[in-house]
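Okay, target.pdb is below, PDB, C-alpha atoms:
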ATOM      1  CA  MET A   1       0.000   0.000   0.000
ATOM      2  CA  ASP A   2       2.939   2.326   0.712
ATOM      3  CA  LYS A   3       3.962   2.420  -2.936
ATOM      4  CA  TYR A   4       0.481   3.464  -4.008
ATOM      5  CA  LEU A   5       0.429   6.255  -1.422
ATOM      6  CA  GLU A   6       3.784   7.356  -2.772
ATOM      7  CA  MET A   7       2.280   7.540  -6.265
ATOM      8  CA  ILE A   8      -0.413   9.869  -4.951
ATOM      9  CA  ARG A   9       2.268  12.065  -3.359
ATOM     10  CA  ILE A  10       4.444  12.152  -6.469
ATOM     11  CA  ARG A  11       1.558  13.068  -8.773
ATOM     12  CA  PHE A  12       0.452  15.761  -6.291
ATOM     13  CA  LEU A  13       3.963  17.275  -6.305
ATOM     14  CA  MET A  14       4.099  17.121 -10.100
ATOM     15  CA  MET A  15       0.848  19.061 -10.317
ATOM     16  CA  LEU A  16       2.131  21.528  -7.718
ATOM     17  CA  ALA A  17       5.001  22.431 -10.039
ATOM     18  CA  TYR A  18       2.464  23.718 -12.598
ATOM     19  CA  ARG A  19      -0.060  25.238 -10.217
ATOM     20  CA  THR A  20      -0.150  28.552 -12.131
ATOM     21  CA  ASN A  21      -2.172  26.773 -14.817
ATOM     22  CA  TYR A  22      -4.895  26.109 -12.273
ATOM     23  CA  TYR A  23      -5.022  29.688 -11.053
ATOM     24  CA  THR A  24      -5.877  30.748 -14.606
ATOM     25  CA  GLY A  25      -8.258  27.792 -14.755
ATOM     26  CA  ILE A  26     -10.220  29.240 -11.826
ATOM     27  CA  LEU A  27     -10.789  32.402 -13.874
ATOM     28  CA  ILE A  28     -11.892  30.394 -16.913
ATOM     29  CA  TYR A  29     -14.294  28.264 -14.838
ATOM     30  CA  SER A  30     -15.679  31.405 -13.168
ATOM     31  CA  ILE A  31     -16.426  32.916 -16.574
ATOM     32  CA  ASN A  32     -18.019  29.632 -17.658
ATOM     33  CA  ILE A  33     -20.204  29.485 -14.549
ATOM     34  CA  GLY A  34     -21.138  33.148 -15.072
ATOM     35  CA  ALA A  35     -22.291  32.402 -18.614
ATOM     36  CA  TYR A  36     -24.458  29.542 -17.352
ATOM     37  CA  TYR A  37     -25.838  31.769 -14.578
ATOM     38  CA  PHE A  38     -27.106  34.401 -17.020
ATOM     39  CA  LEU A  39     -28.339  31.685 -19.402
ATOM     40  CA  TRP A  40     -30.399  29.925 -16.740
ATOM     41  CA  THR A  41     -31.677  33.221 -15.325
ATOM     42  CA  ALA A  42     -33.013  34.024 -18.788
ATOM     43  CA  ILE A  43     -34.485  30.529 -19.190
ATOM     44  CA  TYR A  44     -36.314  30.738 -15.859
ATOM     45  CA  GLY A  45     -37.663  34.177 -16.776
ATOM     46  CA  GLY A  46     -39.046  34.825 -13.302
ATOM     47  CA  LYS A  47     -40.501  31.328 -12.832
ATOM     48  CA  PRO A  48     -40.168  30.096  -9.227
ATOM     49  CA  GLU A  49     -38.826  26.710 -10.318
ATOM     50  CA  ILE A  50     -38.391  24.298 -13.230
ATOM     51  CA  GLN A  51     -38.370  20.532 -12.750
ATOM     52  CA  GLY A  52     -38.269  21.004  -8.978
ATOM     53  CA  LEU A  53     -35.201  23.291  -8.985
ATOM     54  CA  SER A  54     -35.302  27.013  -8.215
ATOM     55  CA  VAL A  55     -33.025  29.400 -10.111
ATOM     56  CA  LEU A  56     -30.834  29.632  -6.983
ATOM     57  CA  GLN A  57     -30.569  25.859  -6.787
ATOM     58  CA  MET A  58     -29.766  25.702 -10.500
ATOM     59  CA  THR A  59     -27.002  28.293 -10.127
ATOM     60  CA  THR A  60     -25.541  26.319  -7.241
ATOM     61  CA  TYR A  61     -25.929  23.101  -9.228
ATOM     62  CA  VAL A  62     -23.909  24.524 -12.122
ATOM     63  CA  ALA A  63     -21.163  25.873  -9.858
ATOM     64  CA  VAL A  64     -20.864  22.636  -7.883
ATOM     65  CA  ALA A  65     -20.951  20.469 -11.012
ATOM     66  CA  TRP A  66     -18.084  22.336 -12.665
ATOM     67  CA  MET A  67     -15.962  22.588  -9.522
ATOM     68  CA  ALA A  68     -16.535  18.903  -8.709
ATOM     69  CA  ARG A  69     -15.415  18.101 -12.255
ATOM     70  CA  ALA A  70     -11.992  19.470 -11.371
ATOM     71  CA  PHE A  71     -11.709  16.711  -8.741
ATOM     72  CA  TYR A  72     -12.973  13.691 -10.641
ATOM     73  CA  PHE A  73     -11.549  14.643 -14.058
ATOM     74  CA  ASN A  74      -8.260  13.055 -15.166
ATOM     75  CA  ASN A  75      -6.434  12.093 -18.341
ATOM     76  CA  ILE A  76      -5.243   8.619 -17.393
ATOM     77  CA  ASP A  77      -6.874   7.179 -20.529
ATOM     78  CA  ARG A  78      -4.683   9.428 -22.695
ATOM     79  CA  GLU A  79      -1.639   8.566 -20.581
ATOM     80  CA  MET A  80      -2.331   4.856 -20.964
ATOM     81  CA  ALA A  81      -2.793   5.213 -24.712
ATOM     82  CA  GLN A  82       0.499   7.082 -25.004
ATOM     83  CA  GLU A  83       2.398   4.540 -22.897
ATOM     84  CA  ILE A  84       0.974   1.646 -24.906
ATOM     85  CA  MET A  85       1.815   3.230 -28.246
ATOM     86  CA  GLU A  86       5.348   4.143 -27.115
ATOM     87  CA  GLY A  87       5.972   0.706 -25.619
ATOM     88  CA  LYS A  88       6.487   2.029 -22.082
ATOM     89  CA  VAL A  89       3.663  -0.159 -20.812
ATOM     90  CA  ALA A  90       5.884  -3.236 -21.259
ATOM     91  CA  VAL A  91       8.210  -1.907 -18.536
ATOM     92  CA  GLU A  92       5.287  -0.941 -16.293
ATOM     93  CA  LEU A  93       3.830  -4.450 -16.467
ATOM     94  CA  ILE A  94       6.947  -6.067 -14.990
ATOM     95  CA  ARG A  95       7.127  -3.689 -12.044
ATOM     96  CA  PRO A  96       5.934  -4.908  -8.616
ATOM     97  CA  TYR A  97       2.564  -3.191  -8.617
ATOM     98  CA  SER A  98      -0.747  -3.215 -10.408
ATOM     99  CA  TYR A  99      -0.604  -1.045 -13.511
ATOM    100  CA  LEU A 100      -4.296  -0.154 -13.264
ATOM    101  CA  GLY A 101      -3.961   0.501  -9.537
ATOM    102  CA  MET A 102      -0.991   2.773 -10.200
ATOM    103  CA  LYS A 103      -2.961   4.768 -12.770
ATOM    104  CA  THR A 104      -5.888   5.101 -10.366
ATOM    105  CA  MET A 105      -3.607   6.440  -7.625
ATOM    106  CA  GLN A 106      -2.036   8.911 -10.030
ATOM    107  CA  GLY A 107      -5.508  10.146 -10.930
ATOM    108  CA  LEU A 108      -6.338  10.466  -7.228
ATOM    109  CA  GLY A 109      -3.207  12.506  -6.571
ATOM    110  CA  GLU A 110      -4.179  14.816  -9.407
ATOM    111  CA  GLY A 111      -7.724  15.041  -8.092
ATOM    112  CA  ILE A 112      -6.619  15.922  -4.553
ATOM    113  CA  PHE A 113      -4.407  18.691  -5.932
ATOM    114  CA  ARG A 114      -7.238  20.140  -7.991
ATOM    115  CA  LEU A 115      -9.617  19.895  -5.038
ATOM    116  CA  LEU A 116      -7.274  21.921  -2.791
ATOM    117  CA  PHE A 117      -5.924  24.430  -5.315
ATOM    118  CA  PHE A 118      -8.805  24.690  -7.774
ATOM    119  CA  SER A 119     -12.203  23.602  -6.476
ATOM    120  CA  VAL A 120     -12.069  25.106  -2.953
ATOM    121  CA  PRO A 121     -10.653  28.537  -3.903
ATOM    122  CA  GLY A 122     -12.736  28.507  -7.077
ATOM    123  CA  MET A 123     -15.992  27.962  -5.187
ATOM    124  CA  PHE A 124     -15.050  30.730  -2.748
ATOM    125  CA  ILE A 125     -14.408  33.205  -5.555
ATOM    126  CA  VAL A 126     -17.547  32.216  -7.473
ATOM    127  CA  SER A 127     -19.671  32.537  -4.309
ATOM    128  CA  LEU A 128     -18.537  36.166  -3.990
ATOM    129  CA  ILE A 129     -19.692  36.960  -7.523
ATOM    130  CA  PHE A 130     -22.860  34.924  -7.993
ATOM    131  CA  PRO A 131     -25.693  34.040  -5.583
ATOM    132  CA  LEU A 132     -25.188  30.459  -4.424
ATOM    133  CA  GLN A 133     -27.072  28.418  -1.852
ATOM    134  CA  PHE A 134     -24.810  26.631   0.598
ATOM    135  CA  THR A 135     -26.021  24.349   3.340
ATOM    136  CA  TRP A 136     -24.447  23.917   6.751
ATOM    137  CA  ASP A 137     -26.086  20.536   7.268
ATOM    138  CA  LEU A 138     -23.183  18.199   8.040
ATOM    139  CA  THR A 139     -25.208  15.240   6.797
ATOM    140  CA  ILE A 140     -25.461  16.823   3.350
ATOM    141  CA  TRP A 141     -21.745  17.623   3.336
ATOM    142  CA  GLY A 142     -20.929  14.068   4.404
ATOM    143  CA  MET A 143     -23.080  12.521   1.681
ATOM    144  CA  PHE A 144     -21.626  14.936  -0.849
ATOM    145  CA  ALA A 145     -18.063  13.966   0.135
ATOM    146  CA  ILE A 146     -18.915  10.282  -0.285
ATOM    147  CA  SER A 147     -20.668  10.994  -3.566
ATOM    148  CA  ILE A 148     -17.795  12.895  -5.229
ATOM    149  CA  THR A 149     -15.390  10.151  -4.101
ATOM    150  CA  LEU A 150     -17.616   7.600  -5.830
ATOM    151  CA  SER A 151     -17.918   9.873  -8.871
ATOM    152  CA  PHE A 152     -14.112   9.925  -9.079
ATOM    153  CA  LEU A 153     -14.053   6.128  -9.013
ATOM    154  CA  ILE A 154     -16.739   5.785 -11.698
ATOM    155  CA  ASN A 155     -15.083   8.329 -13.995
ATOM    156  CA  THR A 156     -11.668   6.733 -13.451
ATOM    157  CA  GLN A 157     -13.045   3.264 -14.189
ATOM    158  CA  ILE A 158     -14.521   4.510 -17.473
ATOM    159  CA  ASN A 159     -11.157   6.097 -18.289
ATOM    160  CA  LEU A 160      -9.398   2.812 -17.532
ATOM    161  CA  LEU A 161     -11.753   0.968 -19.863
ATOM    162  CA  THR A 162     -11.121   3.557 -22.576
ATOM    163  CA  GLY A 163      -7.368   3.369 -22.048
ATOM    164  CA  ILE A 164      -7.323  -0.432 -22.221
ATOM    165  CA  THR A 165      -8.992  -0.346 -25.644
ATOM    166  CA  THR A 166      -5.670   0.981 -27.006
ATOM    167  CA  PHE A 167      -4.387  -2.602 -26.811
ATOM    168  CA  PHE A 168      -7.001  -3.546 -29.412
ATOM    169  CA  LEU A 169      -7.428  -0.349 -31.452
ATOM    170  CA  TYR A 170      -3.778   0.842 -31.293
ATOM    171  CA  ASN A 171      -4.986   4.413 -31.768
ATOM    172  CA  ASN A 172      -8.111   5.355 -29.838
ATOM    173  CA  SER A 173      -7.792   9.155 -29.758
ATOM    174  CA  GLY A 174     -11.191   9.485 -31.442
ATOM    175  CA  LEU A 175     -12.811   7.209 -28.884
ATOM    176  CA  ILE A 176     -11.269   9.233 -26.037
ATOM    177  CA  ARG A 177     -12.666  12.490 -27.423
ATOM    178  CA  ALA A 178     -16.093  10.915 -27.967
ATOM    179  CA  LYS A 179     -16.056   9.511 -24.437
ATOM    180  CA  ARG A 180     -15.419  12.956 -22.984
ATOM    181  CA  VAL A 181     -18.334  14.487 -24.902
ATOM    182  CA  VAL A 182     -20.679  11.668 -23.842
ATOM    183  CA  ILE A 183     -19.690  12.002 -20.183
ATOM    184  CA  ASP A 184     -20.112  15.796 -20.142
ATOM    185  CA  LEU A 185     -23.554  15.472 -21.738
ATOM    186  CA  PHE A 186     -25.043  12.450 -19.996
ATOM    187  CA  SER A 187     -23.414  12.888 -16.581
ATOM    188  CA  GLY A 188     -25.541  15.952 -15.877
ATOM    189  CA  LEU A 189     -22.664  18.425 -16.112
ATOM    190  CA  LEU A 190     -24.204  20.509 -18.897
ATOM    191  CA  LEU A 191     -27.852  19.758 -18.129
ATOM    192  CA  PRO A 192     -29.478  18.029 -15.132
ATOM    193  CA  MET A 193     -30.994  14.637 -15.960
ATOM    194  CA  SER A 194     -34.424  15.840 -14.855
ATOM    195  CA  PHE A 195     -34.421  18.306 -17.790
ATOM    196  CA  PHE A 196     -34.094  15.552 -20.398
ATOM    197  CA  PRO A 197     -37.199  14.007 -22.050
ATOM    198  CA  LEU A 198     -38.764  11.205 -20.013
ATOM    199  CA  TRP A 199     -37.673   8.503 -22.467
ATOM    200  CA  ALA A 200     -34.071   9.751 -22.243
ATOM    201  CA  GLN A 201     -34.222   9.780 -18.442
ATOM    202  CA  GLU A 202     -35.354   6.157 -18.450
ATOM    203  CA  VAL A 203     -32.419   5.180 -20.651
ATOM    204  CA  MET A 204     -29.909   7.181 -18.576
ATOM    205  CA  LYS A 205     -31.022   5.422 -15.390
ATOM    206  CA  TYR A 206     -29.344   2.297 -16.726
ATOM    207  CA  LEU A 207     -26.059   4.059 -17.512
ATOM    208  CA  PRO A 208     -23.242   4.881 -15.064
ATOM    209  CA  PHE A 209     -22.846   8.501 -16.172
ATOM    210  CA  GLN A 210     -25.413   9.892 -13.702
ATOM    211  CA  GLY A 211     -23.076   8.889 -10.877
ATOM    212  CA  ILE A 212     -20.337  11.217 -12.122
ATOM    213  CA  SER A 213     -21.878  14.688 -11.895
ATOM    214  CA  TYR A 214     -25.665  14.631 -11.522
ATOM    215  CA  ILE A 215     -25.888  12.755  -8.222
ATOM    216  CA  PRO A 216     -23.268  14.723  -6.223
ATOM    217  CA  SER A 217     -24.592  18.050  -7.541
ATOM    218  CA  MET A 218     -28.194  17.188  -6.690
ATOM    219  CA  ILE A 219     -27.181  16.049  -3.212
ATOM    220  CA  PHE A 220     -25.335  19.300  -2.525
ATOM    221  CA  THR A 221     -28.176  21.510  -3.755
ATOM    222  CA  ASN A 222     -30.834  19.605  -1.767
ATOM    223  CA  GLY A 223     -32.409  18.570  -5.057
ATOM    224  CA  PHE A 224     -32.868  15.118  -3.523
ATOM    225  CA  SER A 225     -34.760  14.193  -0.384
ATOM    226  CA  HIS A 226     -32.752  12.265   2.216
ATOM    227  CA  ALA A 227     -34.138   8.935   1.024
ATOM    228  CA  GLU A 228     -33.435   9.801  -2.623
ATOM    229  CA  ALA A 229     -29.882  10.836  -1.729
ATOM    230  CA  VAL A 230     -29.242   7.527   0.048
ATOM    231  CA  ASN A 231     -30.617   5.586  -2.919
ATOM    232  CA  ALA A 232     -28.454   7.671  -5.255
ATOM    233  CA  LEU A 233     -25.336   6.813  -3.225
ATOM    234  CA  ILE A 234     -26.277   3.134  -3.387
ATOM    235  CA  THR A 235     -26.598   3.497  -7.172
ATOM    236  CA  GLN A 236     -23.074   4.907  -7.328
ATOM    237  CA  VAL A 237     -21.691   2.059  -5.200
ATOM    238  CA  VAL A 238     -23.419  -0.494  -7.433
ATOM    239  CA  TRP A 239     -21.872   1.036 -10.568
ATOM    240  CA  VAL A 240     -18.407   1.063  -8.990
ATOM    241  CA  ALA A 241     -18.826  -2.663  -8.317
ATOM    242  CA  ILE A 242     -20.265  -3.429 -11.765
ATOM    243  CA  LEU A 243     -17.499  -1.638 -13.668
ATOM    244  CA  ILE A 244     -14.826  -3.741 -11.964
ATOM    245  CA  PHE A 245     -15.830  -6.786 -14.033
ATOM    246  CA  PRO A 246     -15.464  -5.396 -17.575
ATOM    247  CA  ILE A 247     -12.174  -3.757 -16.553
ATOM    248  CA  GLN A 248     -10.730  -7.044 -15.281
ATOM    249  CA  ILE A 249     -12.008  -9.043 -18.277
ATOM    250  CA  LEU A 250     -10.716  -6.516 -20.827
ATOM    251  CA  TRP A 251      -7.394  -6.189 -18.988
ATOM    252  CA  HIS A 252      -6.931  -9.968 -18.968
ATOM    253  CA  LEU A 253      -7.565 -10.118 -22.725
ATOM    254  CA  ALA A 254      -5.391  -7.066 -23.424
ATOM    255  CA  LYS A 255      -2.285  -8.471 -21.734
ATOM    256  CA  LYS A 256      -2.517 -11.580 -23.889
ATOM    257  CA  GLN A 257      -2.174  -9.652 -27.116
ATOM    258  CA  LEU A 258       0.215  -6.861 -26.123
ATOM    259  CA  ILE A 259       1.954  -5.428 -29.168
ATOM    260  CA  VAL A 260       4.673  -2.847 -28.460
ATOM    261  CA  GLN A 261       4.530  -0.178 -31.155
ATOM    262  CA  GLY A 262       7.549   1.792 -30.056
ATOM    263  CA  GLY A 263      10.438   1.846 -27.609
TER     264      GLY A 263
END

What does this structure look like when you write it as structure tokens?
Amino acid sequence: MDKYLEMIRIRFLMMLAYRTNYYTGILIYSINIGAYYFLWTAIYGGKPEIQGLSVLQMTTYVAVAWMARAFYFNNIDREMAQEIMEGKVAVELIRPYSYLGMKTMQGLGEGIFRLLFFSVPGMFIVSLIFPLQFTWDLTIWGMFAISITLSFLINTQINLLTGITTFFLYNNSGLIRAKRVVIDLFSGLLLPMSFFPLWAQEVMKYLPFQGISYIPSMIFTNGFSHAEAVNALITQVVWVAILIFPIQILWHLAKKQLIVQGG
């Protein structure tokens, strides 16, 4: 376990060396959230609520969704693809640790850095500019903390699956870009699931993407009742467990047909 903790520390320090990028990122995210704020204010047009969310809740939802994205987002699928194409993965596979576990810990180190140096200061700055609704209910904060941890795991598992496909496709840059668009759209980052047509909501209930952004954001904004929040957390846990199986199966098949393209 010590070596995995060391990977988290090393990735954190690597991100710390380029922290200026994230200070400018806070400004970019603030502008993005501001654009969504004025957009949703215009959409509501004085209505008290739409789909059970008030304009204040929607503003908070948008801010939380984008700031939470900084924590769960990572590029380990691109890193895996690059290492596979360059042949570096052959060296990684003979080292005394799990390659997939190592990538997950690297993503966690990156996420912790972004949480401390991006999400927290970013939310503080955004809250000074736009009206947001924060709760001081420790139960909500606790469920939200659990939820964004699970959202990190779900997003990372999907990235691992995408990265592993490089063994079979050899160049999956198009798939990686498509995956990012699908996640941003169907995770609830751009639009809450409750705003989609009913038929689309029924389909999305059977997909893991809701556990990435929609569930933690709805928990934080009190868009869920307590019972709904608990059920949503259970849904996230179930998806974390389900995604383990395709990862292990695909990884087992991938190692059998490893072709080093470079190195």

Task: Neighbour list for A:Tyr4 as JSON, numbers by chain, cut-off 8 Å, all atoms listed in the file, skip fewer than 6 positions in-chain - done: {"A": [101, 102, 105]}

Open item on the list: Once the PyMOL selection byres ((chain A and resi 154) around 10) has been evaluated on this model, what residues remain selected, and can you format them as number ranges by chain?
Closed with: A: 72, 148-153, 155-160, 208-212, 236-237, 239-244

Task: Shortest interatomic distance to A:Thr235 - which of A:Arg177, A:His252, A:Lys205, A:Arg114, counting all atoms listed in the file - done: A:Lys205

Task: Nearest-residue call for A:Gly163, choices A:Asn75, A:Gln106, A:Gln51, A:Thr135, using all atoms listed in the file - done: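 Among the listed residues, A:Asn75 lies closest to A:Gly163.
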
Hits from the PyMOL selection byres ((chain A and resi 40) around 12), listed as an mmCIF file with C-alpha atoms, keeping the file's coordinate frame:
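For reference, part.cif as written:
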data_model
loop_
_atom_site.group_PDB
_atom_site.id
_atom_site.type_symbol
_atom_site.label_atom_id
_atom_site.label_comp_id
_atom_site.auth_asym_id
_atom_site.auth_seq_id
_atom_site.Cartn_x
_atom_site.Cartn_y
_atom_site.Cartn_z
ATOM 1 C CA ILE A 33 -20.204 29.485 -14.549
ATOM 2 C CA GLY A 34 -21.138 33.148 -15.072
ATOM 3 C CA ALA A 35 -22.291 32.402 -18.614
ATOM 4 C CA TYR A 36 -24.458 29.542 -17.352
ATOM 5 C CA TYR A 37 -25.838 31.769 -14.578
ATOM 6 C CA PHE A 38 -27.106 34.401 -17.020
ATOM 7 C CA LEU A 39 -28.339 31.685 -19.402
ATOM 8 C CA THR A 41 -31.677 33.221 -15.325
ATOM 9 C CA ALA A 42 -33.013 34.024 -18.788
ATOM 10 C CA ILE A 43 -34.485 30.529 -19.190
ATOM 11 C CA TYR A 44 -36.314 30.738 -15.859
ATOM 12 C CA GLY A 45 -37.663 34.177 -16.776
ATOM 13 C CA GLY A 46 -39.046 34.825 -13.302
ATOM 14 C CA LYS A 47 -40.501 31.328 -12.832
ATOM 15 C CA GLU A 49 -38.826 26.710 -10.318
ATOM 16 C CA ILE A 50 -38.391 24.298 -13.230
ATOM 17 C CA LEU A 53 -35.201 23.291 -8.985
ATOM 18 C CA SER A 54 -35.302 27.013 -8.215
ATOM 19 C CA VAL A 55 -33.025 29.400 -10.111
ATOM 20 C CA LEU A 56 -30.834 29.632 -6.983
ATOM 21 C CA GLN A 57 -30.569 25.859 -6.787
ATOM 22 C CA MET A 58 -29.766 25.702 -10.500
ATOM 23 C CA THR A 59 -27.002 28.293 -10.127
ATOM 24 C CA THR A 60 -25.541 26.319 -7.241
ATOM 25 C CA TYR A 61 -25.929 23.101 -9.228
ATOM 26 C CA VAL A 62 -23.909 24.524 -12.122
ATOM 27 C CA LEU A 190 -24.204 20.509 -18.897
ATOM 28 C CA LEU A 191 -27.852 19.758 -18.129
#

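Across the model, the gap from atom CA of A:Gln248 to atom CA of A:Ile176 is 19.5 Å.
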
- [ ] Given the file shown, enumerate the residues that the PyMOL selection byres ((chain A and resi 172) around 12) captures and present them as JSON, numbers by chain.
- [x] {"A": [77, 78, 79, 80, 81, 82, 84, 85, 159, 161, 162, 163, 164, 165, 166, 167, 168, 169, 170, 171, 173, 174, 175, 176, 177, 178, 179]}

Go ahead and save the picked residues with C-alpha atoms, as a PDB file, keeping the file's coordinate frame.
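Written output follows (part-v7.pdb):
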ATOM      1  CA  ASP A  77      -6.874   7.179 -20.529  1.00  0.00           C
ATOM      2  CA  ARG A  78      -4.683   9.428 -22.695  1.00  0.00           C
ATOM      3  CA  GLU A  79      -1.639   8.566 -20.581  1.00  0.00           C
ATOM      4  CA  MET A  80      -2.331   4.856 -20.964  1.00  0.00           C
ATOM      5  CA  ALA A  81      -2.793   5.213 -24.712  1.00  0.00           C
ATOM      6  CA  GLN A  82       0.499   7.082 -25.004  1.00  0.00           C
ATOM      7  CA  ILE A  84       0.974   1.646 -24.906  1.00  0.00           C
ATOM      8  CA  MET A  85       1.815   3.230 -28.246  1.00  0.00           C
ATOM      9  CA  ASN A 159     -11.157   6.097 -18.289  1.00  0.00           C
ATOM     10  CA  LEU A 161     -11.753   0.968 -19.863  1.00  0.00           C
ATOM     11  CA  THR A 162     -11.121   3.557 -22.576  1.00  0.00           C
ATOM     12  CA  GLY A 163      -7.368   3.369 -22.048  1.00  0.00           C
ATOM     13  CA  ILE A 164      -7.323  -0.432 -22.221  1.00  0.00           C
ATOM     14  CA  THR A 165      -8.992  -0.346 -25.644  1.00  0.00           C
ATOM     15  CA  THR A 166      -5.670   0.981 -27.006  1.00  0.00           C
ATOM     16  CA  PHE A 167      -4.387  -2.602 -26.811  1.00  0.00           C
ATOM     17  CA  PHE A 168      -7.001  -3.546 -29.412  1.00  0.00           C
ATOM     18  CA  LEU A 169      -7.428  -0.349 -31.452  1.00  0.00           C
ATOM     19  CA  TYR A 170      -3.778   0.842 -31.293  1.00  0.00           C
ATOM     20  CA  ASN A 171      -4.986   4.413 -31.768  1.00  0.00           C
ATOM     21  CA  SER A 173      -7.792   9.155 -29.758  1.00  0.00           C
ATOM     22  CA  GLY A 174     -11.191   9.485 -31.442  1.00  0.00           C
ATOM     23  CA  LEU A 175     -12.811   7.209 -28.884  1.00  0.00           C
ATOM     24  CA  ILE A 176     -11.269   9.233 -26.037  1.00  0.00           C
ATOM     25  CA  ARG A 177     -12.666  12.490 -27.423  1.00  0.00           C
ATOM     26  CA  ALA A 178     -16.093  10.915 -27.967  1.00  0.00           C
ATOM     27  CA  LYS A 179     -16.056   9.511 -24.437  1.00  0.00           C
TER      28      LYS A 179
END

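Take the candidates A:Leu233, A:Met204, A:Ile28, A:Leu108 and check each one against A:Ala145 using only C-alpha atoms; the shortest distance goes to A:Leu233.
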
Show me, as lines of an AutoDock Vina configuration file, the centre and edge lengths in Å to one decimal of the axis-aligned box that covers every listed atom of stretch 246-254 of chain A with 3 Å on each side.
center_x = -10.4
center_y = -6.9
center_z = -19.4
size_x = 16.1
size_y = 12.4
size_z = 14.1

- [ ] Compare A:Val64, A:Ile129, A:Ile234, A:Leu100 by their minimum atom-to-atom distance to A:Trp251, counting only C-alpha atoms, and give me the closest one.
- [x] A:Leu100

TODO: Enter the distance from atom CA of A:Phe130 to atom CA of A:Ile146, in Å, rounded to one decimal.
DONE: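 These two atoms are separated by 26.1 Å.
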
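Computed from the coordinates, the atom CA of A:Tyr23 to atom CA of A:Phe118 distance equals 7.1 Å.
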
Interface rows for stretch 106-181 of chain A against stretch 218-224 of chain A: nearest pair, Å to one decimal, 10 Å, all atoms listed in the file, as JSON lines:
{"residue": "A:Leu132", "atom": "CA", "partner": "A:Thr221", "partner_atom": "CA", "distance": 9.5}
{"residue": "A:Gln133", "atom": "CA", "partner": "A:Thr221", "partner_atom": "CA", "distance": 7.2}
{"residue": "A:Phe134", "atom": "CA", "partner": "A:Thr221", "partner_atom": "CA", "distance": 7.5}
{"residue": "A:Thr135", "atom": "CA", "partner": "A:Phe220", "partner_atom": "CA", "distance": 7.8}
{"residue": "A:Asp137", "atom": "CA", "partner": "A:Phe220", "partner_atom": "CA", "distance": 9.9}
{"residue": "A:Ile140", "atom": "CA", "partner": "A:Phe220", "partner_atom": "CA", "distance": 6.4}
{"residue": "A:Trp141", "atom": "CA", "partner": "A:Phe220", "partner_atom": "CA", "distance": 7.1}
{"residue": "A:Gly142", "atom": "CA", "partner": "A:Phe220", "partner_atom": "CA", "distance": 9.7}
{"residue": "A:Met143", "atom": "CA", "partner": "A:Ile219", "partner_atom": "CA", "distance": 7.3}
{"residue": "A:Phe144", "atom": "CA", "partner": "A:Phe220", "partner_atom": "CA", "distance": 6.0}
{"residue": "A:Ala145", "atom": "CA", "partner": "A:Phe220", "partner_atom": "CA", "distance": 9.4}
{"residue": "A:Ser147", "atom": "CA", "partner": "A:Ile219", "partner_atom": "CA", "distance": 8.3}

Task: For A:Phe124, the nearest of the candidates A:Ile26, A:Ile247, A:Val91, A:Leu207, counting all atoms listed in the file - done: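 Among the listed residues, the smallest separation from A:Phe124 belongs to A:Ile26.
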
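With all atoms listed in the file as the atoms that count, the minimum distance from A:Thr139 to the choices A:Arg180, A:Ser98, A:Ser127, A:His226 is reached by A:His226.
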
Since the input has fewer atoms than a full residue there, write stretch 5-15 of chain A out with N, CA and C atoms, as a PDB file, in the coordinates of the input.
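And here's part24.pdb as it stands now:
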ATOM      1  N   LEU A   5       0.488   4.951  -2.082  1.00  0.00           N
ATOM      2  CA  LEU A   5       0.429   6.255  -1.422  1.00  0.00           C
ATOM      3  C   LEU A   5       1.535   7.168  -1.938  1.00  0.00           C
ATOM      4  N   GLU A   6       2.679   6.577  -2.226  1.00  0.00           N
ATOM      5  CA  GLU A   6       3.784   7.356  -2.772  1.00  0.00           C
ATOM      6  C   GLU A   6       3.443   7.872  -4.171  1.00  0.00           C
ATOM      7  N   MET A   7       2.699   7.091  -4.938  1.00  0.00           N
ATOM      8  CA  MET A   7       2.280   7.540  -6.265  1.00  0.00           C
ATOM      9  C   MET A   7       1.354   8.743  -6.169  1.00  0.00           C
ATOM     10  N   ILE A   8       0.470   8.719  -5.167  1.00  0.00           N
ATOM     11  CA  ILE A   8      -0.413   9.869  -4.951  1.00  0.00           C
ATOM     12  C   ILE A   8       0.416  11.103  -4.635  1.00  0.00           C
ATOM     13  N   ARG A   9       1.422  10.932  -3.758  1.00  0.00           N
ATOM     14  CA  ARG A   9       2.268  12.065  -3.359  1.00  0.00           C
ATOM     15  C   ARG A   9       3.068  12.612  -4.534  1.00  0.00           C
ATOM     16  N   ILE A  10       3.630  11.720  -5.328  1.00  0.00           N
ATOM     17  CA  ILE A  10       4.444  12.152  -6.469  1.00  0.00           C
ATOM     18  C   ILE A  10       3.607  12.913  -7.493  1.00  0.00           C
ATOM     19  N   ARG A  11       2.426  12.372  -7.811  1.00  0.00           N
ATOM     20  CA  ARG A  11       1.558  13.068  -8.773  1.00  0.00           C
ATOM     21  C   ARG A  11       1.113  14.424  -8.219  1.00  0.00           C
ATOM     22  N   PHE A  12       0.837  14.498  -6.919  1.00  0.00           N
ATOM     23  CA  PHE A  12       0.452  15.761  -6.291  1.00  0.00           C
ATOM     24  C   PHE A  12       1.573  16.782  -6.457  1.00  0.00           C
ATOM     25  N   LEU A  13       2.823  16.368  -6.195  1.00  0.00           N
ATOM     26  CA  LEU A  13       3.963  17.275  -6.305  1.00  0.00           C
ATOM     27  C   LEU A  13       4.201  17.693  -7.753  1.00  0.00           C
ATOM     28  N   MET A  14       3.953  16.778  -8.682  1.00  0.00           N
ATOM     29  CA  MET A  14       4.099  17.121 -10.100  1.00  0.00           C
ATOM     30  C   MET A  14       3.092  18.196 -10.490  1.00  0.00           C
ATOM     31  N   MET A  15       1.864  18.060 -10.014  1.00  0.00           N
ATOM     32  CA  MET A  15       0.848  19.061 -10.317  1.00  0.00           C
ATOM     33  C   MET A  15       1.170  20.384  -9.642  1.00  0.00           C
TER      34      MET A  15
END
